[in-house]
file upload_36.cif (mmCIF, C-alpha atoms)
data_structure
loop_
_atom_site.group_PDB
_atom_site.id
_atom_site.type_symbol
_atom_site.label_atom_id
_atom_site.label_comp_id
_atom_site.auth_asym_id
_atom_site.auth_seq_id
_atom_site.Cartn_x
_atom_site.Cartn_y
_atom_site.Cartn_z
ATOM 1 C CA MET A 1176 93.640 158.101 44.353
ATOM 2 C CA ARG A 1177 97.024 156.380 44.657
ATOM 3 C CA PRO A 1178 97.468 153.199 42.554
ATOM 4 C CA GLY A 1179 97.652 150.875 45.578
ATOM 5 C CA LEU A 1180 94.550 152.345 47.167
ATOM 6 C CA ARG A 1181 92.756 152.314 43.817
ATOM 7 C CA LYS A 1182 93.416 148.573 43.446
ATOM 8 C CA VAL A 1183 92.079 147.889 46.950
ATOM 9 C CA ALA A 1184 88.954 149.970 46.229
ATOM 10 C CA LEU A 1185 88.473 148.227 42.861
ATOM 11 C CA ALA A 1186 88.839 144.790 44.477
ATOM 12 C CA ALA A 1187 86.282 145.745 47.144
ATOM 13 C CA HIS A 1188 83.856 147.097 44.524
ATOM 14 C CA LEU A 1189 84.170 143.979 42.347
ATOM 15 C CA THR A 1190 83.730 141.675 45.361
ATOM 16 C CA VAL A 1191 80.549 143.289 46.647
ATOM 17 C CA SER A 1192 78.980 143.988 43.243
ATOM 18 C CA VAL A 1193 79.533 140.487 41.827
ATOM 19 C CA GLY A 1194 78.569 139.111 45.263
ATOM 20 C CA TRP A 1195 75.276 140.994 44.948
ATOM 21 C CA VAL A 1196 74.528 139.160 41.681
ATOM 22 C CA GLY A 1197 75.390 135.794 43.303
ATOM 23 C CA ALA A 1198 73.278 136.464 46.380
ATOM 24 C CA ALA A 1199 70.403 137.571 44.127
ATOM 25 C CA ALA A 1200 70.710 134.244 42.258
ATOM 26 C CA ALA A 1201 70.531 132.342 45.567
ATOM 27 C CA TYR A 1202 67.472 134.395 46.507
ATOM 28 C CA LEU A 1203 65.888 133.617 43.126
ATOM 29 C CA ALA A 1204 66.243 129.860 43.800
ATOM 30 C CA LEU A 1205 64.279 130.269 47.065
ATOM 31 C CA ASP A 1206 61.765 132.525 45.321
ATOM 32 C CA VAL A 1207 61.107 129.839 42.682
ATOM 33 C CA VAL A 1208 60.401 127.349 45.510
ATOM 34 C CA ALA A 1209 58.020 129.870 47.108
ATOM 35 C CA ALA A 1210 56.246 130.273 43.768
ATOM 36 C CA THR A 1211 55.993 126.616 42.741
ATOM 37 C CA SER A 1212 56.174 124.318 45.771
ATOM 38 C CA ARG A 1213 53.045 122.683 47.215
ATOM 39 C CA ASP A 1214 54.916 121.368 50.255
ATOM 40 C CA GLU A 1215 54.184 123.338 53.433
ATOM 41 C CA GLN A 1216 57.615 122.783 55.006
ATOM 42 C CA ALA A 1217 59.409 123.762 51.819
ATOM 43 C CA LEU A 1218 57.323 126.939 51.625
ATOM 44 C CA ARG A 1219 58.066 127.860 55.251
ATOM 45 C CA ALA A 1220 61.788 127.246 54.723
ATOM 46 C CA ALA A 1221 61.802 129.206 51.453
ATOM 47 C CA PHE A 1222 60.108 132.326 52.882
ATOM 48 C CA ILE A 1223 62.317 132.328 55.995
ATOM 49 C CA GLY A 1224 65.416 131.754 53.849
ATOM 50 C CA MET A 1225 64.409 134.585 51.499
ATOM 51 C CA ASP A 1226 64.157 136.939 54.481
ATOM 52 C CA LEU A 1227 67.594 135.889 55.776
ATOM 53 C CA VAL A 1228 69.311 136.165 52.393
ATOM 54 C CA ALA A 1229 67.680 139.496 51.522
ATOM 55 C CA GLY A 1230 67.975 141.143 54.926
ATOM 56 C CA SER A 1231 71.366 139.863 56.018
ATOM 57 C CA VAL A 1232 73.271 139.607 52.735
ATOM 58 C CA ILE A 1233 71.727 141.331 49.718
ATOM 59 C CA VAL A 1234 70.926 144.665 51.383
ATOM 60 C CA LEU A 1235 74.469 144.922 52.782
ATOM 61 C CA LEU A 1236 76.002 144.050 49.405
ATOM 62 C CA ALA A 1237 73.739 146.578 47.656
ATOM 63 C CA VAL A 1238 74.703 149.410 50.005
ATOM 64 C CA ALA A 1239 78.386 148.428 49.795
ATOM 65 C CA THR A 1240 78.185 148.330 45.980
ATOM 66 C CA LEU A 1241 76.674 151.806 45.876
ATOM 67 C CA LEU A 1242 79.264 153.255 48.279
ATOM 68 C CA THR A 1243 82.338 151.592 46.717
ATOM 69 C CA GLY A 1244 81.071 152.559 43.247
ATOM 70 C CA ILE A 1245 80.828 156.213 44.273
ATOM 71 C CA VAL A 1246 84.313 156.057 45.841
ATOM 72 C CA MET A 1247 85.750 154.455 42.677
ATOM 73 C CA SER A 1248 84.116 157.072 40.438
ATOM 74 C CA LEU A 1249 85.224 160.065 42.478
ATOM 75 C CA GLY A 1250 88.712 158.671 43.065
ATOM 76 C CA THR A 1251 89.545 157.937 39.422
ATOM 77 C CA ARG A 1252 89.551 159.809 36.113
ATOM 78 C CA TRP A 1253 86.080 158.462 35.300
ATOM 79 C CA GLY A 1254 84.323 160.839 37.706
ATOM 80 C CA LEU A 1255 80.713 160.503 38.834
ATOM 81 C CA PHE A 1256 78.981 162.592 36.147
ATOM 82 C CA ARG A 1257 81.550 162.718 33.318
ATOM 83 C CA HIS A 1258 80.703 159.548 31.406
ATOM 84 C CA TRP A 1259 77.245 158.320 30.500
ATOM 85 C CA TRP A 1260 78.018 154.707 31.453
ATOM 86 C CA VAL A 1261 78.947 155.814 34.994
ATOM 87 C CA VAL A 1262 75.824 157.994 35.343
ATOM 88 C CA ILE A 1263 73.522 155.213 34.079
ATOM 89 C CA SER A 1264 75.240 152.594 36.259
ATOM 90 C CA LEU A 1265 74.860 154.837 39.301
ATOM 91 C CA ALA A 1266 71.187 155.534 38.547
ATOM 92 C CA LEU A 1267 70.362 151.841 37.983
ATOM 93 C CA THR A 1268 72.272 150.763 41.112
ATOM 94 C CA ALA A 1269 70.511 153.372 43.249
ATOM 95 C CA PHE A 1270 67.140 152.337 41.756
ATOM 96 C CA ALA A 1271 67.797 148.622 42.352
ATOM 97 C CA ALA A 1272 68.954 149.268 45.936
ATOM 98 C CA THR A 1273 65.865 151.394 46.673
ATOM 99 C CA VAL A 1274 63.451 148.769 45.315
ATOM 100 C CA LEU A 1275 65.344 146.117 47.293
ATOM 101 C CA VAL A 1276 65.066 148.031 50.571
ATOM 102 C CA LEU A 1277 61.310 148.540 49.974
ATOM 103 C CA GLU A 1278 60.937 144.853 49.079
ATOM 104 C CA THR A 1279 62.608 143.653 52.290
ATOM 105 C CA GLN A 1280 59.551 144.864 54.245
ATOM 106 C CA THR A 1281 57.303 142.587 52.187
ATOM 107 C CA ILE A 1282 59.758 139.691 52.480
ATOM 108 C CA SER A 1283 59.973 140.125 56.266
ATOM 109 C CA THR A 1284 56.189 140.064 56.491
ATOM 110 C CA MET A 1285 56.056 136.888 54.381
ATOM 111 C CA ALA A 1286 58.727 135.256 56.584
ATOM 112 C CA ALA A 1287 56.844 136.202 59.746
ATOM 113 C CA VAL A 1288 53.665 134.633 58.338
ATOM 114 C CA ALA A 1289 55.637 131.508 57.362
ATOM 115 C CA ALA A 1290 57.222 131.276 60.823
ATOM 116 C CA ASP A 1291 53.826 131.397 62.511
ATOM 117 C CA PRO A 1292 52.716 127.742 62.953
ATOM 118 C CA SER A 1293 49.058 128.776 63.158
ATOM 119 C CA ASN A 1294 49.141 129.700 59.444
ATOM 120 C CA SER A 1295 48.355 126.725 57.209
ATOM 121 C CA GLY A 1296 49.943 125.625 53.943
ATOM 122 C CA ASP A 1297 47.089 127.272 52.036
ATOM 123 C CA ASP A 1298 47.847 130.522 53.850
ATOM 124 C CA LEU A 1299 51.491 130.262 52.770
ATOM 125 C CA ARG A 1300 50.561 129.493 49.178
ATOM 126 C CA GLY A 1301 48.387 132.616 49.241
ATOM 127 C CA LEU A 1302 51.362 134.793 50.108
ATOM 128 C CA GLY A 1303 52.541 134.809 46.501
ATOM 129 C CA ASN A 1304 56.143 135.439 45.596
ATOM 130 C CA THR A 1305 58.580 138.165 44.590
ATOM 131 C CA LEU A 1306 59.663 136.684 41.251
ATOM 132 C CA VAL A 1307 59.018 139.912 39.322
ATOM 133 C CA HIS A 1308 61.459 141.730 41.565
ATOM 134 C CA SER A 1309 64.086 138.996 41.768
ATOM 135 C CA ILE A 1310 64.168 138.291 38.012
ATOM 136 C CA GLY A 1311 63.971 141.995 37.149
ATOM 137 C CA GLY A 1312 66.677 142.754 39.696
ATOM 138 C CA ILE A 1313 69.073 140.170 38.266
ATOM 139 C CA ILE A 1314 68.503 141.482 34.723
ATOM 140 C CA VAL A 1315 69.282 145.044 35.894
ATOM 141 C CA LEU A 1316 72.394 143.897 37.794
ATOM 142 C CA ILE A 1317 73.733 141.970 34.794
ATOM 143 C CA ALA A 1318 73.064 144.998 32.557
ATOM 144 C CA ILE A 1319 75.078 147.174 34.955
ATOM 145 C CA LEU A 1320 77.852 144.575 35.086
ATOM 146 C CA VAL A 1321 78.093 144.399 31.267
ATOM 147 C CA MET A 1322 78.090 148.201 31.014
ATOM 148 C CA ASN A 1323 80.915 148.409 33.573
ATOM 149 C CA VAL A 1324 83.008 145.899 31.623
ATOM 150 C CA VAL A 1325 82.356 147.369 28.153
ATOM 151 C CA LYS A 1326 82.459 151.044 29.276
ATOM 152 C CA PRO A 1327 80.707 152.402 26.160
ATOM 153 C CA ARG A 1328 82.072 155.724 24.945
ATOM 154 C CA GLY A 1329 80.190 158.949 25.481
ATOM 155 C CA LEU A 1330 80.782 162.023 27.596
ATOM 156 C CA THR A 1331 78.032 163.917 29.345
ATOM 157 C CA ARG A 1332 77.800 167.658 28.688
ATOM 158 C CA TYR A 1333 79.445 168.249 32.085
ATOM 159 C CA GLY A 1334 82.203 165.724 31.312
ATOM 160 C CA TRP A 1335 82.807 167.272 27.905
ATOM 161 C CA HIS A 1336 83.202 170.779 29.400
ATOM 162 C CA GLN A 1337 85.547 169.388 32.067
ATOM 163 C CA GLN A 1338 87.651 167.727 29.361
ATOM 164 C CA GLU A 1339 87.813 170.944 27.324
ATOM 165 C CA ARG A 1340 88.845 172.905 30.403
ATOM 166 C CA GLU A 1341 91.628 170.410 31.136
ATOM 167 C CA ARG A 1342 92.806 170.559 27.500
ATOM 168 C CA GLY A 1343 92.899 174.351 27.718
ATOM 169 C CA ARG A 1344 95.185 174.170 30.742
ATOM 170 C CA GLN A 1345 97.633 171.831 29.008
ATOM 171 C CA PRO A 1346 100.595 173.591 27.364
ATOM 172 C CA ASP A 1347 100.950 173.035 23.590
ATOM 173 C CA MET B 438 90.004 194.932 6.901
ATOM 174 C CA ALA B 439 89.655 191.232 6.292
ATOM 175 C CA THR B 440 87.921 189.102 8.868
ATOM 176 C CA PRO B 441 90.219 186.586 10.532
ATOM 177 C CA PRO B 442 89.815 183.002 9.279
ATOM 178 C CA VAL B 443 87.606 180.791 11.385
ATOM 179 C CA ASP B 444 89.580 178.156 13.225
ATOM 180 C CA THR B 445 87.454 175.098 12.458
ATOM 181 C CA GLU B 446 89.223 172.961 15.053
ATOM 182 C CA GLU B 447 88.626 175.574 17.717
ATOM 183 C CA SER B 448 84.935 176.009 16.809
ATOM 184 C CA ALA B 449 84.448 172.244 16.805
ATOM 185 C CA ARG B 450 85.856 172.151 20.309
ATOM 186 C CA GLU B 451 83.335 174.690 21.549
ATOM 187 C CA SER B 452 80.202 172.679 20.743
ATOM 188 C CA TYR B 453 79.109 169.579 22.636
ATOM 189 C CA PRO B 454 78.985 166.650 20.174
ATOM 190 C CA GLY B 455 75.617 165.512 21.563
ATOM 191 C CA THR B 456 74.222 162.605 23.529
ATOM 192 C CA PRO B 457 75.400 159.214 22.188
ATOM 193 C CA ARG B 458 72.813 157.114 20.367
ATOM 194 C CA TRP B 459 73.134 154.200 22.817
ATOM 195 C CA VAL B 460 72.166 156.551 25.686
ATOM 196 C CA ILE B 461 69.099 157.729 23.737
ATOM 197 C CA ALA B 462 68.176 154.080 23.061
ATOM 198 C CA ILE B 463 68.417 153.256 26.777
ATOM 199 C CA ALA B 464 66.331 156.334 27.643
ATOM 200 C CA VAL B 465 63.617 155.265 25.160
ATOM 201 C CA LEU B 466 63.619 151.722 26.613
ATOM 202 C CA ALA B 467 63.364 153.129 30.156
ATOM 203 C CA ILE B 468 60.405 155.335 29.191
ATOM 204 C CA LEU B 469 58.679 152.365 27.516
ATOM 205 C CA ALA B 470 59.288 150.242 30.636
ATOM 206 C CA ILE B 471 57.790 152.960 32.860
ATOM 207 C CA ILE B 472 54.718 153.191 30.581
ATOM 208 C CA VAL B 473 54.253 149.389 30.610
ATOM 209 C CA ILE B 474 54.608 149.244 34.425
ATOM 210 C CA ALA B 475 52.163 152.156 34.829
ATOM 211 C CA LEU B 476 49.646 150.404 32.528
ATOM 212 C CA VAL B 477 50.012 147.085 34.385
ATOM 213 C CA LEU B 478 49.517 148.802 37.745
ATOM 214 C CA SER B 479 46.610 150.992 36.635
ATOM 215 C CA THR B 480 44.711 148.146 34.946
ATOM 216 C CA GLY B 481 45.266 145.771 37.868
ATOM 217 C CA LEU B 482 46.842 143.104 35.632
ATOM 218 C CA GLY B 483 49.796 142.854 38.002
ATOM 219 C CA GLY B 484 47.674 141.983 41.019
ATOM 220 C CA SER B 485 48.425 143.623 44.352
ATOM 221 C CA HIS B 486 51.750 144.996 43.303
ATOM 222 C CA GLY B 487 53.649 148.238 43.553
ATOM 223 C CA PRO B 488 55.219 150.323 46.316
ATOM 224 C CA GLN B 489 51.948 150.494 48.277
ATOM 225 C CA ARG B 490 52.297 146.730 48.759
ATOM 226 C CA HIS B 491 55.296 147.289 51.020
ATOM 227 C CA GLY B 492 53.467 149.267 53.649
ATOM 228 C CA PRO B 493 52.035 147.960 56.892
ATOM 229 C CA GLY B 494 48.838 145.939 56.895
ATOM 230 C CA ASP B 495 49.419 144.080 53.650
ATOM 231 C CA GLU B 496 49.670 140.367 52.778
ATOM 232 C CA ALA B 497 46.215 138.870 52.597
ATOM 233 C CA GLY B 498 45.280 139.792 56.151
ATOM 234 C CA LEU B 499 47.143 136.876 57.709
ATOM 235 C CA SER B 500 48.325 136.894 61.290
ATOM 236 C CA VAL B 501 51.965 137.894 61.299
ATOM 237 C CA THR B 502 52.670 138.348 64.949
ATOM 238 C CA PRO B 503 50.152 136.818 67.336
ATOM 239 C CA SER B 504 48.370 139.358 69.493
ATOM 240 C CA PRO B 505 49.089 139.205 73.256
ATOM 241 C CA ALA B 506 45.558 137.870 73.796
ATOM 242 C CA HIS B 507 46.136 135.133 71.203
ATOM 243 C CA ALA B 508 49.488 134.209 72.767
ATOM 244 C CA PHE B 509 47.921 134.159 76.215
ATOM 245 C CA ALA B 510 45.093 131.874 75.026
ATOM 246 C CA ASP B 511 47.672 129.524 73.471
ATOM 247 C CA HIS B 512 49.629 129.491 76.713
ATOM 248 C CA GLU B 513 46.518 128.744 78.743
ATOM 249 C CA ALA B 514 45.609 125.921 76.373
ATOM 250 C CA VAL B 515 49.046 124.348 76.798
ATOM 251 C CA LEU B 516 48.810 124.605 80.592
ATOM 252 C CA ALA B 517 45.352 123.038 80.537
ATOM 253 C CA GLY B 518 46.626 120.239 78.297
ATOM 254 C CA ARG B 519 44.284 121.173 75.459
ATOM 255 C CA PRO B 520 45.489 120.857 71.833
#

call {"tool": "encode", "arguments": {"input": "upload_36.cif", "output": "structure tokens"}}
result
Amino acid sequence: MRPGLRKVALAAHLTVSVGWVGAAAAYLALDVVAATSRDEQALRAAFIGMDLVAGSVIVLLAVATLLTGIVMSLGTRWGLFRHWWVVISLALTAFAATVLVLETQTISTMAAVAADPSNSGDDLRGLGNTLVHSIGGIIVLIAILVMNVVKPRGLTRYGWHQQERERGRQPD
Amino acid sequence: MATPPVDTEESARESYPGTPRWVIAIAVLAILAIIVIALVLSTGLGGSHGPQRHGPGDEAGLSVTPSPAHAFADHEAVLAGRP
């Protein structure tokens, strides 16, 4: 990847990945309201807001993070399966995105219940919350972020063989 | 005939140095997390949780989208001036 293009791709990857953490934090604030509030209007607003934030923002950022991350890995010397930190980051990102997509179905159902005026405040309080997912998700995202900044050393077996092959090609 | 000396640098190059300790630590933590989640789900301590929760027909049996009959009854009630 040419240096100019690499910088654009890196800027895009940083924007969407850090944006994912920020959007997840905004979602967590609504989730806390859904878990703790006794006010019917606040509950309705929280569930509908959670659906909007998750469906319209977080899912898009998650998919964009996964795609730009793959592009960055394949387009630079890091590769996709050469370094352990890249492999683990990819696996955790894919796992978090999958859980998120599954979770959006539950969130949409909760929002639809909240939007239905025939459901009472007690009904809304009985819906529960998604705090386990939102807190767990933020912890995973921060772990990925730290790993991407620190870039701990360690080649995979594939990466090590690739490196040896490249060394063998280099003239002494 | 004497055997050629072993090139230690070359032989060191041929063997993979092994998986880093931090990767093994993360793998152990991941396995422990999976065991804890499996225990929580199997014992029911986590409530109605897990991937099955995301399928259709979940959420405490509440009305999500009013049935056509329900909507029609509501409409009739409005037309008749009933609450």

call {"tool": "residues_around", "arguments": {"input": "upload_36.cif", "residues": "Tyr1333 in chain A", "least_positions_apart": "5", "cutoff": "12 Å", "atoms": "only C-alpha atoms", "output": "list in words"}}
result
Gly1254, Leu1255, Phe1256, Arg1257, His1258, Trp1259, Val1262, Gln1338, Glu1339 and Arg1340 of chain A; Tyr453, Gly455 and Thr456 of chain B

call {"tool": "residues_around", "arguments": {"input": "upload_36.cif", "residues": "range 1273-1276 of chain A", "least_positions_apart": "5", "cutoff": "9 Å", "atoms": "only C-alpha atoms", "output": "list in words"}}
result
Ala1229, Gly1230, Ile1233, Val1234, Ala1237, Thr1268, His1308 and Gly1312 of chain A; Pro488 of chain B

call {"tool": "resolve_selection", "arguments": {"input": "upload_36.cif", "expression": "the PyMOL selection byres ((chain A) within 7 of (chain B))", "output": "MDAnalysis selection string"}}
result
chainID A and resid 1277:1278 1280:1281 1284 1287:1288 1291 1302 1329 1332 1335

call {"tool": "residues_around", "arguments": {"input": "upload_36.cif", "residues": "Ala1217 in chain A", "least_positions_apart": "2", "cutoff": "12 Å", "atoms": "only C-alpha atoms", "output": "PyMOL selection string"}}
result
chain A and resi 1205-1215+1219-1225+1289-1290+1296+1299-1300

call {"tool": "write_last_selection", "arguments": {"input": "upload_36.cif", "atoms": "C-alpha atoms", "output": "PDB file, in the coordinates of the input"}}
result
ATOM      1  CA  LEU A1205      64.279 130.269  47.065  1.00  0.00           C
ATOM      2  CA  ASP A1206      61.765 132.525  45.321  1.00  0.00           C
ATOM      3  CA  VAL A1207      61.107 129.839  42.682  1.00  0.00           C
ATOM      4  CA  VAL A1208      60.401 127.349  45.510  1.00  0.00           C
ATOM      5  CA  ALA A1209      58.020 129.870  47.108  1.00  0.00           C
ATOM      6  CA  ALA A1210      56.246 130.273  43.768  1.00  0.00           C
ATOM      7  CA  THR A1211      55.993 126.616  42.741  1.00  0.00           C
ATOM      8  CA  SER A1212      56.174 124.318  45.771  1.00  0.00           C
ATOM      9  CA  ARG A1213      53.045 122.683  47.215  1.00  0.00           C
ATOM     10  CA  ASP A1214      54.916 121.368  50.255  1.00  0.00           C
ATOM     11  CA  GLU A1215      54.184 123.338  53.433  1.00  0.00           C
ATOM     12  CA  ARG A1219      58.066 127.860  55.251  1.00  0.00           C
ATOM     13  CA  ALA A1220      61.788 127.246  54.723  1.00  0.00           C
ATOM     14  CA  ALA A1221      61.802 129.206  51.453  1.00  0.00           C
ATOM     15  CA  PHE A1222      60.108 132.326  52.882  1.00  0.00           C
ATOM     16  CA  ILE A1223      62.317 132.328  55.995  1.00  0.00           C
ATOM     17  CA  GLY A1224      65.416 131.754  53.849  1.00  0.00           C
ATOM     18  CA  MET A1225      64.409 134.585  51.499  1.00  0.00           C
ATOM     19  CA  ALA A1289      55.637 131.508  57.362  1.00  0.00           C
ATOM     20  CA  ALA A1290      57.222 131.276  60.823  1.00  0.00           C
ATOM     21  CA  GLY A1296      49.943 125.625  53.943  1.00  0.00           C
ATOM     22  CA  LEU A1299      51.491 130.262  52.770  1.00  0.00           C
ATOM     23  CA  ARG A1300      50.561 129.493  49.178  1.00  0.00           C
TER      24      ARG A1300
END

call {"tool": "closest_residue", "arguments": {"input": "upload_36.cif", "among": "A:Leu1227, A:Leu1218, A:Thr1251, A:Val1196", "to": "Lys1182 in chain A", "atoms": "all atoms listed in the file"}}
result
A:Thr1251

call {"tool": "atom_distance", "arguments": {"input": "upload_36.cif", "atom1": "CA of Leu1236 in chain A", "atom2": "CA of Leu1203 in chain A"}}
result
15.8 Å

call {"tool": "atom_distance", "arguments": {"input": "upload_36.cif", "atom1": "CA of Met1176 in chain A", "atom2": "CA of Gly1250 in chain A"}}
result
5.1 Å

call {"tool": "residues_near_point", "arguments": {"input": "upload_36.cif", "point": "(82.8, 155.7, 32.1)", "cutoff": "6 Å", "atoms": "all atoms listed in the file", "output": "short mmCIF file (atom, residue, chain, number, x, y, z; two decimals) with C-alpha atoms, keeping the file's coordinate frame"}}
result
data_model
loop_
_atom_site.label_atom_id
_atom_site.label_comp_id
_atom_site.auth_asym_id
_atom_site.auth_seq_id
_atom_site.Cartn_x
_atom_site.Cartn_y
_atom_site.Cartn_z
CA TRP A 1253 86.08 158.46 35.30
CA HIS A 1258 80.70 159.55 31.41
CA TRP A 1260 78.02 154.71 31.45
CA VAL A 1261 78.95 155.81 34.99
CA LYS A 1326 82.46 151.04 29.28
#

call {"tool": "closest_residue", "arguments": {"input": "upload_36.cif", "among": "A:Ala1199, A:Ile1263, A:Asn1294, A:Ile1282", "to": "Ile1310 in chain A", "atoms": "only C-alpha atoms"}}
result
A:Ala1199

call {"tool": "atom_distance", "arguments": {"input": "upload_36.cif", "atom1": "CA of Val1191 in chain A", "atom2": "CA of Ala1266 in chain A"}}
result
17.4 Å
